[in-house]
Amino acid sequence: MAIDSRGRERLIKLDARQVHQSHLGNMPHSNIIGQEEGCRLKTHSGKEVLFLRPTLFQYIMNMKRSSQIIYPKDIGPILLHGDIYPGATVLESGIGSGALALGLLRALGPTGRLISYELRQDLATRAERNIRAFMPQASNHTIKLGDIYEGIQEREVDRIVLDLPEPWQVVGLAAPALRMGGIFLAYVPTALQLHRLHMALADDPQYELIESFEVLERTWHIAPTSVRPDHRMVAHTGFITRATRCSARTSRTRAELLAVFTATQREALKSEGDVEDEVAEVLGMTGMGTGGRMIDLTLGDEEEPR
Ligand SMILES: C[S@@+](CC[C@H](N)C(=O)[O-])C[C@H]1O[C@@H](n2cnc3c(N)ncnc32)[C@H](O)[C@@H]1O
């Protein structure tokens with residue numbers, strides 16, 4: 001990584017036959033090879049350039065992209081909320097440019113395994129190049145070319161991590177692929193996708209501990225006489241939803257409850273007082289609703305699980 005005096009970063013692959021050319025001047029790679037990390041070298045026009053091995057963060061921000069990527073701001077929380085641990089088997093889709101895959105591989109370590117389902121050959125190739133350039137030793141990574149909406153072959157997977165347009169299509173397929181206690185996690189950029197995904201998980205009795213959130217990061221300007229937030233920030237990237245695969249609930253799902261009771265019936269139940277008891281009696285169950293939470297049938301048509 002070459003960094004100029006204004007902090008501008010440029011990723012370079014060292015090759016003794018090449019010359020690094022930039023607006024600051026030229027420098028043969030042979031001058032850089034063998035130098036200590038963090039060294040400052042002068043170009044032929046006398047301008048100073050700082051050289052460092054890229055961190056994973058810097059590499060992701062500077063590598064070639066053929067798709068939108070997940071930024072380090074979200075990759076960090078994904079790794080912890082998804083509980084990605086050394087030795088785990090993780091299935092991800094799609095691979096895009098490989099940014100998230102790099103974070104997953106780093107967290108999985110050499111004993112873990114990553115399987116990436118990807119629809120497009122060109123993106124699979126781009127991601128593979130990006131990953132090999134940073135982690136040439138990552139032999140525990142397999143890219144499977146195909147449509148994950150058509151099915152998941154793997155079983156007893158520890159984690160499933162998704163970054164694709166319709167993750168709700170994977171909710172039902174992911175449950176039999178995940179081991180009990182396994183984690184489903186998906187990243188989506190819009191609130192409409194977030195709502196549809198969260199509801200699909202809530203309606204599936206095989207998932208519990210469903211949580212959705214976003215991460216905001218604000219950088220600060222710090223100088224001798226001024227300490228304040230930077231004027232500009234990335235206000236939005238995407239939402240993260242996670243859920244845990246558990247044995248199926250026996251109580252009815254929200255979708256089933258809503259299918260059973262018409263709006264008129266709910267109005268009638270409401271006037272009878274103890275709605276939960278009434279529901280339990282009618283459905284022959286305990287009155288439990290989505291995700292083990294009570295469903296308030298007194299709210300009307302737009303009621304949400306609490
Ligand atoms: C936004 S990109 C993923 C970016 C990636 N997470 C990264 O950080 O670089 C979305 C990817 O999902 C892939 N995709 C979309 N639908 C898919 C499907 N049904 N099955 C497999 N991959 C799919 C796209 O081809 C694309 O590569």
# chains A, B, ... in the order shown; residues from 1 in each chain; ligands from 1
>>> residues_near_ligand(ligand="ligand 1", cutoff="8 Å", atoms="only C-alpha atoms and all ligand atoms", output="PyMOL selection string")
chain A and resi 65+67-71+93-101+117-120+123-124+127+145-150+162-166
>>> residues_around(residues="region 129-137 of chain A", least_positions_apart="6", cutoff="12 Å", atoms="only C-alpha atoms", output="MDAnalysis selection string")
chainID A and resid 11:14 53:66 95:106 109:110 122:123 143
>>> residues_around(residues="Pro229 (chain A)", least_positions_apart="4", cutoff="7 Å", atoms="only C-alpha atoms", output="ChimeraX atom specification")
/A:218-221
>>> residues_around(residues="Pro86 (chain A)", least_positions_apart="4", cutoff="7 Å", atoms="only C-alpha atoms", output="list in words")
Ala107, Leu108, Gly109, Thr111 and Gly112 of chain A
>>> select_by_dssp(residues="region 18-263 of chain A", states="alpha helix (DSSP H)", output="PyMOL selection string")
chain A and resi 29-32+56-62+72-81+99-108+121-134+168-177+191-203+254-260+263
>>> residues_around(residues="Ala200 (chain A)", least_positions_apart="4", cutoff="12 Å", atoms="only C-alpha atoms", output="VMD selection string")
chain A and resid 166 to 173 193 to 196 204 to 208 210 241 243 253 to 255 290 to 291
>>> atom_distance(atom1="CA of Ala202 (chain A)", atom2="CA of Pro189 (chain A)")
19.5 Å
>>> residues_around(residues="Ile32 (chain A)", least_positions_apart="5", cutoff="9 Å", atoms="only C-alpha atoms", output="mmCIF file with C-alpha atoms, in the first residue's frame")
data_model
loop_
_atom_site.group_PDB
_atom_site.id
_atom_site.type_symbol
_atom_site.label_atom_id
_atom_site.label_comp_id
_atom_site.auth_asym_id
_atom_site.auth_seq_id
_atom_site.Cartn_x
_atom_site.Cartn_y
_atom_site.Cartn_z
ATOM 1 C CA LEU A 14 5.166 -5.676 -5.895
ATOM 2 C CA ALA A 16 10.799 -6.423 -9.205
ATOM 3 C CA MET A 27 9.645 4.483 -8.139
ATOM 4 C CA CYS A 39 9.286 2.977 5.417
ATOM 5 C CA LEU A 41 10.822 6.397 0.210
ATOM 6 C CA PHE A 51 4.727 2.064 2.231
#
>>> atom_distance(atom1="CA of Leu52 (chain A)", atom2="CA of Ser22 (chain A)")
16.4 Å
>>> closest_residue(among="A:Thr244, A:Thr225, A:Thr190, A:Thr142", to="Ala174 (chain A)", atoms="only C-alpha atoms")
A:Thr244
>>> atom_distance(atom1="CA of Glu48 (chain A)", atom2="CA of Ile3 (chain A)")
9.1 Å
>>> residues_around(residues="Gly181 (chain A)", least_positions_apart="6", cutoff="12 Å", atoms="only C-alpha atoms", output="list of chain:residue names")
A:Gly82, A:Asp83, A:Glu156, A:Val157, A:Asp158, A:Arg159, A:Ile160, A:Ala175, A:Gln206, A:Tyr207, A:Glu208, A:Leu209, A:Ala243, A:Thr244, A:Arg245, A:Cys246, A:Ser247, A:Ala248
>>> write_last_selection(atoms="C-alpha atoms", output="PDB file, in the first residue's frame")
ATOM      1  CA  GLY A  82     -23.155 -13.884  13.342  1.00  0.00           C
ATOM      2  CA  ASP A  83     -20.742 -15.387  15.888  1.00  0.00           C
ATOM      3  CA  GLU A 156     -25.156 -29.204   9.561  1.00  0.00           C
ATOM      4  CA  VAL A 157     -23.736 -25.827   8.574  1.00  0.00           C
ATOM      5  CA  ASP A 158     -22.855 -23.598  11.557  1.00  0.00           C
ATOM      6  CA  ARG A 159     -23.701 -20.228   9.993  1.00  0.00           C
ATOM      7  CA  ILE A 160     -25.456 -18.904   6.888  1.00  0.00           C
ATOM      8  CA  ALA A 175     -33.390 -24.112   8.250  1.00  0.00           C
ATOM      9  CA  GLN A 206     -37.772 -22.858  13.222  1.00  0.00           C
ATOM     10  CA  TYR A 207     -36.156 -19.482  14.032  1.00  0.00           C
ATOM     11  CA  GLU A 208     -35.873 -17.628  17.338  1.00  0.00           C
ATOM     12  CA  LEU A 209     -33.924 -14.608  18.694  1.00  0.00           C
ATOM     13  CA  ALA A 243     -31.842 -15.314  13.791  1.00  0.00           C
ATOM     14  CA  THR A 244     -31.057 -18.604  15.550  1.00  0.00           C
ATOM     15  CA  ARG A 245     -32.168 -21.991  14.206  1.00  0.00           C
ATOM     16  CA  CYS A 246     -34.044 -23.879  16.923  1.00  0.00           C
ATOM     17  CA  SER A 247     -36.438 -26.795  17.154  1.00  0.00           C
ATOM     18  CA  ALA A 248     -39.781 -25.746  15.707  1.00  0.00           C
TER      19      ALA A 248
END
